[in-house]
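Some notes on the structure that comes next.
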Amino acid sequence: MRKIAKGTEPVELTVWKTQNQHGYYKDLTHVERQAINQATRKEQLGLCAYCCKKIDENNSMNEHVEARQLAPNRQLDFGNIVASCTTRGRCDSAHKSQPLLLTPLMAECETELKFYMSGKVAGLSQQATDSISVLGLDSRAIREERKQMLDNLIFPDIADDMQLLGNDLLADWINDLQQTDDDDKLLPYSPVLVNIISGLLVM
C-alpha cells in the first residue's frame, strides 16, 4: 500500500448530496460514480489503493474502506472511498464487508507491511497481518505479478547485491520511483520496490 492523501470530494457528489439529503450510495447515478472514480484514481496516481497495480476507468471500482454495512453513515463520505482494482479474489473483491484495521488512509500502511524480492508480503503488526488476509494480498497470483514487475524494474545481476549499492544511491533510486510520469501516474507496484529498497538503507 501507499498512503493516500484524500482531497476534496468531486463537485458532482457535493451537488447530489445537497439535492438528496437522505440518499444512499446505491442511489448515485453513473455521473456521480464516475466522478468519484476519476477523482480517487487521480489522487492515487493511477494505482489500486490496496495492491498498487495499475488501474484505469475500465478495471477499477469505487471501494468503501470502512464497508457500507459496517458504517452506513460513511457511505457517501468521500474520505472513506478509494479506487480499487477489480481483480477477482483480492482487494475490493476479497474485502467485502470485513473490518479493515490497516488501510491506505493510514501512514502505517507504508511501514507495517514488509515486501520481499520473491513477491511475498508479511505483516509487521497484527493489524497488518489481518489486512493482508482480508484483502488477499499474499496469494500465489499476486506474488507472481509483483515478482515479475520487480524483475522488470531491477537488473537481475544486481538484485542480490542491492545492499552493496550504498545509501546515497538507494535513496536516489527511491526518489526516482516516487516521481510520476507525464500523465501524473506512478509505475505499477513501485511502492512495493520502494518498500524493499527502504529496508536496505543503513541507519
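Ordering of the C-alpha cells sets the chain letters (A, B, ...); residue numbers start at 1 within each chain; ligands are numbered from 1 in the order shown.
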Subject >> For A:Glu43: contacts at 10 Å, only C-alpha atoms, fewer than 5 positions along chain excluded, given as a list in words >> reply: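 Near A:Glu43, the qualifying residues are Ile4, Ala5, Lys6, Gly7, Gln38, Ala49, Val82, Ala83, Asp184 and Lys185 of chain A.
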Could you save those same residues with C-alpha atoms as a PDB file, in the first residue's frame?
ATOM      1  CA  ILE A   4      -3.344   8.179   0.188  1.00  0.00           C
ATOM      2  CA  ALA A   5      -3.878  11.866   0.890  1.00  0.00           C
ATOM      3  CA  LYS A   6      -7.589  12.374   0.376  1.00  0.00           C
ATOM      4  CA  GLY A   7      -8.660  15.547  -1.383  1.00  0.00           C
ATOM      5  CA  GLN A  38     -11.878   9.627 -11.621  1.00  0.00           C
ATOM      6  CA  ALA A  49      -5.411   1.598  -3.234  1.00  0.00           C
ATOM      7  CA  VAL A  82     -10.862   4.791  -2.704  1.00  0.00           C
ATOM      8  CA  ALA A  83     -10.351   3.246  -6.132  1.00  0.00           C
ATOM      9  CA  ASP A 184       0.886  12.094 -13.280  1.00  0.00           C
ATOM     10  CA  LYS A 185       0.951   8.351 -12.635  1.00  0.00           C
TER      11      LYS A 185
END
Subject >> Nearby residues (only C-alpha atoms) at most 8 Å from A:Leu186, same-chain spacing under 4 positions excluded, as a PyMOL selection string >> reply: chain A and resi 45-47+177-181+190
**OP:** Tell me, as a PyMOL selection string, which residues lie within 12 Å of A:His30, counting only C-alpha atoms; anything in the same chain fewer than 3 positions away does not count.
**Re:** chain A and resi 12-13+16+25-27+33-38+61-62
Output the selection as a CSV table (one decimal), in the first residue's frame - N, CA and C atoms for each residue.
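The result, stored in out-v4.csv:
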chain,number,residue,atom,x,y,z
A,12,GLU,N,-19.7,17.0,-8.4
A,12,GLU,CA,-20.9,16.2,-8.7
A,12,GLU,C,-21.5,15.5,-7.5
A,13,LEU,N,-20.6,15.0,-6.6
A,13,LEU,CA,-21.1,14.3,-5.4
A,13,LEU,C,-21.6,15.4,-4.5
A,16,TRP,N,-25.1,16.4,-5.7
A,16,TRP,CA,-26.0,15.3,-5.5
A,16,TRP,C,-26.5,15.2,-4.0
A,25,TYR,N,-25.5,5.5,-1.1
A,25,TYR,CA,-24.6,5.3,-2.2
A,25,TYR,C,-25.2,4.6,-3.4
A,26,LYS,N,-26.1,3.6,-3.1
A,26,LYS,CA,-26.7,2.8,-4.1
A,26,LYS,C,-27.6,3.7,-5.0
A,27,ASP,N,-28.0,4.9,-4.6
A,27,ASP,CA,-28.9,5.8,-5.3
A,27,ASP,C,-28.1,6.7,-6.3
A,33,ARG,N,-20.9,8.4,-9.7
A,33,ARG,CA,-19.9,7.3,-9.5
A,33,ARG,C,-18.7,7.5,-10.4
A,34,GLN,N,-18.9,7.9,-11.6
A,34,GLN,CA,-17.7,8.1,-12.5
A,34,GLN,C,-16.8,9.2,-12.0
A,35,ALA,N,-17.4,10.3,-11.5
A,35,ALA,CA,-16.7,11.4,-10.9
A,35,ALA,C,-15.9,11.0,-9.7
A,36,ILE,N,-16.5,10.2,-8.9
A,36,ILE,CA,-15.7,9.7,-7.7
A,36,ILE,C,-14.6,8.8,-8.1
A,37,ASN,N,-14.8,7.9,-9.1
A,37,ASN,CA,-13.8,7.0,-9.6
A,37,ASN,C,-12.6,7.8,-10.2
A,38,GLN,N,-12.9,8.8,-11.0
A,38,GLN,CA,-11.9,9.6,-11.6
A,38,GLN,C,-11.1,10.4,-10.6
A,61,MET,N,-13.0,0.2,-9.5
A,61,MET,CA,-14.3,0.5,-9.0
A,61,MET,C,-14.2,1.3,-7.7
A,62,ASN,N,-15.2,2.0,-7.3
A,62,ASN,CA,-15.2,2.7,-6.0
A,62,ASN,C,-15.4,1.7,-4.9
Original post:
Which parts of stretch 7-174 of chain A does DSSP call helix (DSSP H, G or I) when run on the backbone here, written out as an NGL selection string?
Top reply: :A and (11-19 or 25-27 or 30-43 or 72-74 or 78-80 or 92-95 or 107-110 or 126-135 or 140-153 or 159-164 or 167-174)
**OP:** Name the residues in contact with stretch 91-100 of chain A at a cut-off of 8 Å, using only C-alpha atoms, excluding same-chain residues fewer than 6 positions from it; report them as a list in words.
**Re:**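 What passes the distance filter is Tyr50, Cys51, Glu63, Val65, Glu66, Ala67, Arg68, Gln69, Leu70, Ser84, Cys85, Asp130, Ser131, Val134, Leu135, Gly136 and Leu137 of chain A.
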File of the preceding selection, C-alpha atoms, as a PDB file, in the first residue's frame:
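Writing the result to part.pdb gives the following:
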ATOM      1  CA  TYR A  50      -4.561  -1.855  -1.884  1.00  0.00           C
ATOM      2  CA  CYS A  51      -2.312  -3.885  -4.193  1.00  0.00           C
ATOM      3  CA  GLU A  63     -14.447   0.922  -2.770  1.00  0.00           C
ATOM      4  CA  VAL A  65     -12.545   1.412   3.116  1.00  0.00           C
ATOM      5  CA  GLU A  66     -14.965   1.120   6.008  1.00  0.00           C
ATOM      6  CA  ALA A  67     -17.619  -1.125   4.496  1.00  0.00           C
ATOM      7  CA  ARG A  68     -21.111   0.277   3.965  1.00  0.00           C
ATOM      8  CA  GLN A  69     -22.641  -2.494   6.055  1.00  0.00           C
ATOM      9  CA  LEU A  70     -20.351  -1.611   8.970  1.00  0.00           C
ATOM     10  CA  SER A  84      -9.713  -0.500  -6.070  1.00  0.00           C
ATOM     11  CA  CYS A  85      -8.807  -2.874  -8.851  1.00  0.00           C
ATOM     12  CA  ASP A 130      -5.068  -9.342   9.324  1.00  0.00           C
ATOM     13  CA  SER A 131      -5.398  -6.832   6.479  1.00  0.00           C
ATOM     14  CA  VAL A 134      -8.717  -9.759   4.370  1.00  0.00           C
ATOM     15  CA  LEU A 135      -7.535  -8.200   1.098  1.00  0.00           C
ATOM     16  CA  GLY A 136      -5.911 -11.331  -0.344  1.00  0.00           C
ATOM     17  CA  LEU A 137      -2.577  -9.563  -0.775  1.00  0.00           C
TER      18      LEU A 137
END
Original post:
Can you tell me how far atom CA of A:Glu110 sits from atom CA of A:Asp77, in Å to one decimal?
Top reply: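 For atom CA of A:Glu110 relative to atom CA of A:Asp77, the distance reads 23.5 Å.
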**OP:** Would you mind telling me which residue in A:Cys109, A:Ala128, A:Leu169, A:Met117 lies nearest to A:Glu144 when using only C-alpha atoms?
**Re:** A:Met117
Subject >> Close residues, A:Tyr116 itself excluded, 10 Å, only C-alpha atoms, min 5 positions apart in chain, as a ChimeraX atom specification >> reply: /A:121-122,143,146-147,150,192-193,195-197,199
With N, CA and C atoms retained, write the just-selected residues as a compact mmCIF listing (two decimals), in the first residue's frame.
# COMPACT_ATOMS: atom_id res chain seq x y z
N VAL A 121 4.60 -10.79 0.79
CA VAL A 121 4.44 -9.69 1.72
C VAL A 121 4.10 -10.27 3.09
N ALA A 122 4.63 -9.64 4.14
CA ALA A 122 4.37 -10.09 5.50
C ALA A 122 3.97 -8.89 6.35
N ARG A 143 1.72 -12.64 -5.85
CA ARG A 143 3.16 -12.75 -5.65
C ARG A 143 3.87 -12.78 -6.99
N ARG A 146 3.84 -9.31 -8.64
CA ARG A 146 4.83 -8.41 -8.04
C ARG A 146 6.24 -8.81 -8.44
N LYS A 147 6.53 -10.10 -8.43
CA LYS A 147 7.87 -10.57 -8.76
C LYS A 147 8.22 -10.22 -10.20
N LEU A 150 8.96 -6.56 -10.33
CA LEU A 150 10.25 -6.28 -9.71
C LEU A 150 11.39 -6.71 -10.62
N VAL A 192 5.95 -1.02 -3.83
CA VAL A 192 6.50 -2.28 -3.33
C VAL A 192 8.03 -2.23 -3.39
N LEU A 193 8.56 -1.76 -4.50
CA LEU A 193 10.02 -1.68 -4.63
C LEU A 193 10.58 -0.62 -3.68
N ASN A 195 9.42 0.04 -0.80
CA ASN A 195 9.41 -0.64 0.50
C ASN A 195 10.64 -1.54 0.64
N ILE A 196 10.94 -2.29 -0.40
CA ILE A 196 12.09 -3.20 -0.36
C ILE A 196 13.40 -2.44 -0.24
N ILE A 197 13.57 -1.39 -1.06
CA ILE A 197 14.81 -0.62 -1.04
C ILE A 197 14.97 0.10 0.30
N GLY A 199 14.10 -0.88 3.12
CA GLY A 199 14.56 -1.84 4.12
C GLY A 199 16.05 -2.12 4.03
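With distances taken over only C-alpha atoms, A:Lys54 is the one residue among A:Ala39, A:Lys54, A:Ala171, A:Ser118 lying closest to A:Tyr189.
Candidate residues A:Asn175, A:Asn58, A:Thr40, A:Gln75 were compared for distance to A:Lys17, and the nearest is A:Gln75, using only C-alpha atoms.
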